[in-house]
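Worksheet for the structure shown next.
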Amino acid sequence: NFDCPLDEDEYRARTGEALAQADCAIHLLGNEFGRRFEEDEDCSFPMFAYREARAAAASRPFFRQVVWFCPDEAQPVKPAQQAFMATIRNELTRQCTLTNATSAMQVVEDVRTSLGRATPPPAAAVEKENDIFFVYNAQDSEEANAITDELSEAFPLEILTIEPDSEDAYKDLAVSAIPKSRLAVVYFKHSADWALPFVKQVWRLVGGAGSTTPILFVGEDDPVQNKMRGFKAPKVISSIQPHLGVSEEVRRVLSQQP
């Protein structure tokens, strides 16, 4: 409500980033249809968020949506909002719950119940073949090679270099290799624009909070803009270090793993 981006493209991007980190989307809907997109007046910001979450549910069997319709009874519901709510009612699935709860506490209980039913079974144990799975972008090859040369002297190490124009194939390789390692490292220096969306997607694909392998998302403090990059999520450690401190940070985090 208070930090919603005014820029439409930024709103779309931030909605996608938030969904990638979430197991559940909660939609609070009232009397108003909400702000509409300039190029699509039939779609409001809340409708866009609902549609994106619905798409996430279609591809992620344990993802849940909870729609809380809580209009002010003293005011009429706008016609566009009435039509939107009718669409939601017609689209309800086992992954999407509609509630007319009279209190936020009841909604919280509905969410807990929904997520409790959605909890995936424990992942089957995968034998760890490596101590470290180290991923970096080809833009950072020189610095990454120096770091991995040092680490490989002390630890079994698998390295994946992401080349331009083949990110999807490499993403599949990463998702396959991460569970087989004690620690996954996504490193960046000049490639922060690649690294942040990559780690978010890979984290979700390997199980998110249920992953058996933690991810160290580590960048260098030069360029200084890297200090603004971070990804907070269960089983993810975000860290910005000077070049000489990266390998030490990897060692420190690895030492804390079973």
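Labels for the structure tokens follow display order: chains A, B, ..., residues from 1 in each chain, ligands from 1.
Counting only C-alpha atoms, Gln81 of chain A has the following residues at most 9 Å away, ignoring those fewer than 5 positions along the same chain: Leu29, Gly30, Asn31, Glu32, Phe33, Gly34 and Ala86 of chain A.
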(message) What's around Leu173 of chain A at 12 Å? Count only C-alpha atoms, leave out sequence neighbours fewer than 3 positions away in its own chain, and write the answer as a VMD selection string.
(response) chain A and resid 133 to 135 158 to 162 166 to 170 176 to 180 202 205 to 206
How would the residues just picked look written out with N, CA and C atoms as a short mmCIF file (atom, residue, chain, number, x, y, z; two decimals), in the first residue's frame?
```
data_model
loop_
_atom_site.label_atom_id
_atom_site.label_comp_id
_atom_site.auth_asym_id
_atom_site.auth_seq_id
_atom_site.Cartn_x
_atom_site.Cartn_y
_atom_site.Cartn_z
N PHE A 133 29.45 -26.29 -4.87
CA PHE A 133 29.05 -26.09 -6.26
C PHE A 133 29.11 -24.59 -6.51
N PHE A 134 30.02 -24.16 -7.37
CA PHE A 134 30.34 -22.74 -7.55
C PHE A 134 29.86 -22.30 -8.92
N VAL A 135 28.96 -21.29 -8.93
CA VAL A 135 28.38 -20.79 -10.18
C VAL A 135 28.77 -19.33 -10.36
N GLU A 158 32.79 -28.35 -7.71
CA GLU A 158 32.23 -28.40 -9.06
C GLU A 158 31.93 -26.97 -9.49
N ILE A 159 32.34 -26.63 -10.71
CA ILE A 159 32.23 -25.26 -11.19
C ILE A 159 31.32 -25.21 -12.40
N LEU A 160 30.45 -24.19 -12.43
CA LEU A 160 29.58 -23.96 -13.57
C LEU A 160 29.73 -22.51 -14.02
N THR A 161 30.18 -22.31 -15.25
CA THR A 161 30.32 -20.98 -15.82
C THR A 161 29.14 -20.70 -16.74
N ILE A 162 28.41 -19.64 -16.48
CA ILE A 162 27.23 -19.29 -17.27
C ILE A 162 27.67 -18.46 -18.47
N SER A 166 22.60 -18.84 -23.10
CA SER A 166 22.26 -20.24 -22.81
C SER A 166 21.85 -20.41 -21.36
N GLU A 167 21.27 -19.37 -20.77
CA GLU A 167 21.03 -19.37 -19.33
C GLU A 167 20.06 -20.46 -18.90
N ASP A 168 19.02 -20.73 -19.71
CA ASP A 168 18.03 -21.73 -19.30
C ASP A 168 18.66 -23.11 -19.17
N ALA A 169 19.51 -23.49 -20.12
CA ALA A 169 20.16 -24.80 -20.05
C ALA A 169 21.06 -24.87 -18.83
N TYR A 170 21.78 -23.81 -18.54
CA TYR A 170 22.66 -23.80 -17.37
C TYR A 170 21.85 -23.84 -16.08
N SER A 176 20.11 -29.39 -10.99
CA SER A 176 20.47 -30.80 -10.84
C SER A 176 21.66 -30.98 -9.91
N ALA A 177 22.62 -30.05 -9.95
CA ALA A 177 23.87 -30.22 -9.20
C ALA A 177 23.77 -29.74 -7.75
N ILE A 178 22.96 -28.75 -7.47
CA ILE A 178 22.93 -28.16 -6.13
C ILE A 178 22.62 -29.19 -5.04
N PRO A 179 21.61 -30.05 -5.19
CA PRO A 179 21.32 -31.01 -4.11
C PRO A 179 22.47 -31.98 -3.82
N LYS A 180 23.41 -32.11 -4.75
CA LYS A 180 24.52 -33.05 -4.58
C LYS A 180 25.72 -32.41 -3.90
N VAL A 202 16.71 -20.16 -9.17
CA VAL A 202 17.31 -21.45 -8.81
C VAL A 202 16.89 -21.85 -7.39
N LEU A 205 13.50 -23.32 -7.56
CA LEU A 205 13.45 -24.60 -8.27
C LEU A 205 14.07 -25.76 -7.49
N VAL A 206 15.00 -25.47 -6.58
CA VAL A 206 15.59 -26.55 -5.79
C VAL A 206 14.82 -26.82 -4.49
#
```
(request) Quick one: pull the distance between atom CA of Gln95 of chain A and atom CA of Leu19 of chain A, Å, one decimal. (result) 14.8 Å
Considering only C-alpha atoms, give me a table of residues in segment 159-252 of chain A that are at most 12 Å from segment 55-66 of chain A, with the closest atom pair and distance in Å for each, as CSV.
```
residue,atom,partner,partner_atom,distance
A:Arg204,CA,A:Arg60,CA,9.9
A:Leu205,CA,A:Arg60,CA,9.6
A:Gly207,CA,A:Phe62,CA,10.6
A:Gly208,CA,A:Phe62,CA,11.5
A:Gly210,CA,A:Phe62,CA,11.8
```
Dump C-alpha atoms for the selected residues as an mmCIF file, in the first residue's frame?
```cif
data_model
loop_
_atom_site.group_PDB
_atom_site.id
_atom_site.type_symbol
_atom_site.label_atom_id
_atom_site.label_comp_id
_atom_site.auth_asym_id
_atom_site.auth_seq_id
_atom_site.Cartn_x
_atom_site.Cartn_y
_atom_site.Cartn_z
ATOM 1 C CA ARG A 204 12.784 -21.714 -5.883
ATOM 2 C CA LEU A 205 13.453 -24.599 -8.274
ATOM 3 C CA GLY A 207 12.880 -26.400 -3.148
ATOM 4 C CA GLY A 208 13.160 -22.976 -1.542
ATOM 5 C CA GLY A 210 12.856 -27.066 1.845
#
```
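Across the model, the gap from atom CA of Leu98 of chain A to atom CA of Phe69 of chain A is 7.3 Å.
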(message) Taking 2 positions as the minimum chain separation for residues in the same chain, which residues sit within 12 Å of Ser211 of chain A when counting only C-alpha atoms? Answer as a VMD selection string.
(response) chain A and resid 120 to 126 175 178 to 184 202 to 209 213 to 215 233 to 236
(message) Residues of segment 75-214 of chain A classed as helix (DSSP H, G or I) by DSSP on the backbone are to be reported as a count of residues only.
(response) 74
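Between atom CA of Asp23 of chain A and atom CA of Ser114 of chain A lies a distance of 10.7 Å.
Distance annotation: of A:Glu91, A:Glu163, A:Glu127, A:Glu220, the residue with the minimal separation from Glu143 of chain A is A:Glu220; atom set is only C-alpha atoms.
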(request) Would you mind writing down, as a PyMOL selection string, each residue of segment 74-258 of chain A that DSSP on the backbone assigns to strand (DSSP E or B)? (result) chain A and resi 96-99+130-137+157-162+181-188+215-220+236-241
(message) Give me the residues near Leu157 of chain A as a PyMOL selection string, where near means some atom within 8 Å (using only C-alpha atoms) and where sequence neighbours in that chain fewer than 5 positions away do not count.
(response) chain A and resi 130-134+148+151-152
Could the residues in this selection be saved with N, CA, C and O atoms as a PDB file, in the first residue's frame?
```pdb
ATOM      1  N   ASN A 130      29.956 -33.330  -3.676  1.00  0.00           N
ATOM      2  CA  ASN A 130      30.945 -32.253  -3.622  1.00  0.00           C
ATOM      3  C   ASN A 130      30.722 -31.403  -2.383  1.00  0.00           C
ATOM      4  O   ASN A 130      29.609 -31.331  -1.858  1.00  0.00           O
ATOM      5  N   ASP A 131      31.781 -30.750  -1.931  1.00  0.00           N
ATOM      6  CA  ASP A 131      31.616 -29.776  -0.867  1.00  0.00           C
ATOM      7  C   ASP A 131      30.976 -28.503  -1.393  1.00  0.00           C
ATOM      8  O   ASP A 131      30.089 -27.936  -0.762  1.00  0.00           O
ATOM      9  N   ILE A 132      31.438 -28.056  -2.565  1.00  0.00           N
ATOM     10  CA  ILE A 132      31.007 -26.751  -3.078  1.00  0.00           C
ATOM     11  C   ILE A 132      30.601 -26.861  -4.541  1.00  0.00           C
ATOM     12  O   ILE A 132      31.327 -27.451  -5.360  1.00  0.00           O
ATOM     13  N   PHE A 133      29.454 -26.291  -4.867  1.00  0.00           N
ATOM     14  CA  PHE A 133      29.047 -26.095  -6.256  1.00  0.00           C
ATOM     15  C   PHE A 133      29.110 -24.594  -6.512  1.00  0.00           C
ATOM     16  O   PHE A 133      28.345 -23.824  -5.927  1.00  0.00           O
ATOM     17  N   PHE A 134      30.023 -24.164  -7.365  1.00  0.00           N
ATOM     18  CA  PHE A 134      30.342 -22.744  -7.546  1.00  0.00           C
ATOM     19  C   PHE A 134      29.861 -22.297  -8.923  1.00  0.00           C
ATOM     20  O   PHE A 134      30.296 -22.821  -9.956  1.00  0.00           O
ATOM     21  N   THR A 148      38.200 -19.840  -7.292  1.00  0.00           N
ATOM     22  CA  THR A 148      38.001 -21.292  -7.359  1.00  0.00           C
ATOM     23  C   THR A 148      39.328 -22.039  -7.343  1.00  0.00           C
ATOM     24  O   THR A 148      39.401 -23.159  -6.815  1.00  0.00           O
ATOM     25  N   LEU A 151      40.079 -22.279  -3.663  1.00  0.00           N
ATOM     26  CA  LEU A 151      39.187 -23.187  -2.948  1.00  0.00           C
ATOM     27  C   LEU A 151      39.421 -24.649  -3.321  1.00  0.00           C
ATOM     28  O   LEU A 151      39.306 -25.548  -2.479  1.00  0.00           O
ATOM     29  N   SER A 152      39.741 -24.897  -4.582  1.00  0.00           N
ATOM     30  CA  SER A 152      39.905 -26.283  -5.049  1.00  0.00           C
ATOM     31  C   SER A 152      41.111 -26.975  -4.417  1.00  0.00           C
ATOM     32  O   SER A 152      41.201 -28.207  -4.449  1.00  0.00           O
TER      33      SER A 152
END
```
(request) Compile the contact shell of segment 106-112 of chain A as a PyMOL selection string: residues with an atom at most 9 Å away, counting only C-alpha atoms, same-chain residues fewer than 3 positions apart removed. (result) chain A and resi 24+26+64-66+68+97+99-103+115-117
Store the residues of this selection in a file with C-alpha atoms, as a tab-separated table (two decimals), in the first residue's frame.
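Result saved to again22.tsv:
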```tsv
chain	number	residue	atom	x	y	z
A	24	CYS	CA	1.43	-18.10	-0.80
A	26	ILE	CA	-2.75	-13.07	-0.12
A	64	ARG	CA	-1.44	-21.22	-2.54
A	65	GLN	CA	-3.62	-18.15	-3.05
A	66	VAL	CA	-5.95	-16.63	-0.46
A	68	TRP	CA	-9.86	-11.85	1.22
A	97	THR	CA	-9.31	-19.94	-1.27
A	99	THR	CA	-12.76	-15.82	2.27
A	100	ASN	CA	-15.22	-13.19	3.50
A	101	ALA	CA	-13.76	-13.26	7.01
A	102	THR	CA	-14.70	-10.42	9.31
A	103	SER	CA	-11.29	-10.20	10.96
A	115	LEU	CA	-0.35	-23.76	3.85
A	116	GLY	CA	-0.50	-26.68	6.25
A	117	ARG	CA	-2.35	-28.74	3.67
```
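Comparing A:His243, A:Gln201, A:Phe231, A:Glu248 by their smallest distance to Glu142 of chain A, the closest is A:His243 (using only C-alpha atoms).
Proximity ranking of A:Arg35, A:Asn226, A:Arg251, A:Phe217 relative to Ser239 of chain A places A:Phe217 first, based on only C-alpha atoms.
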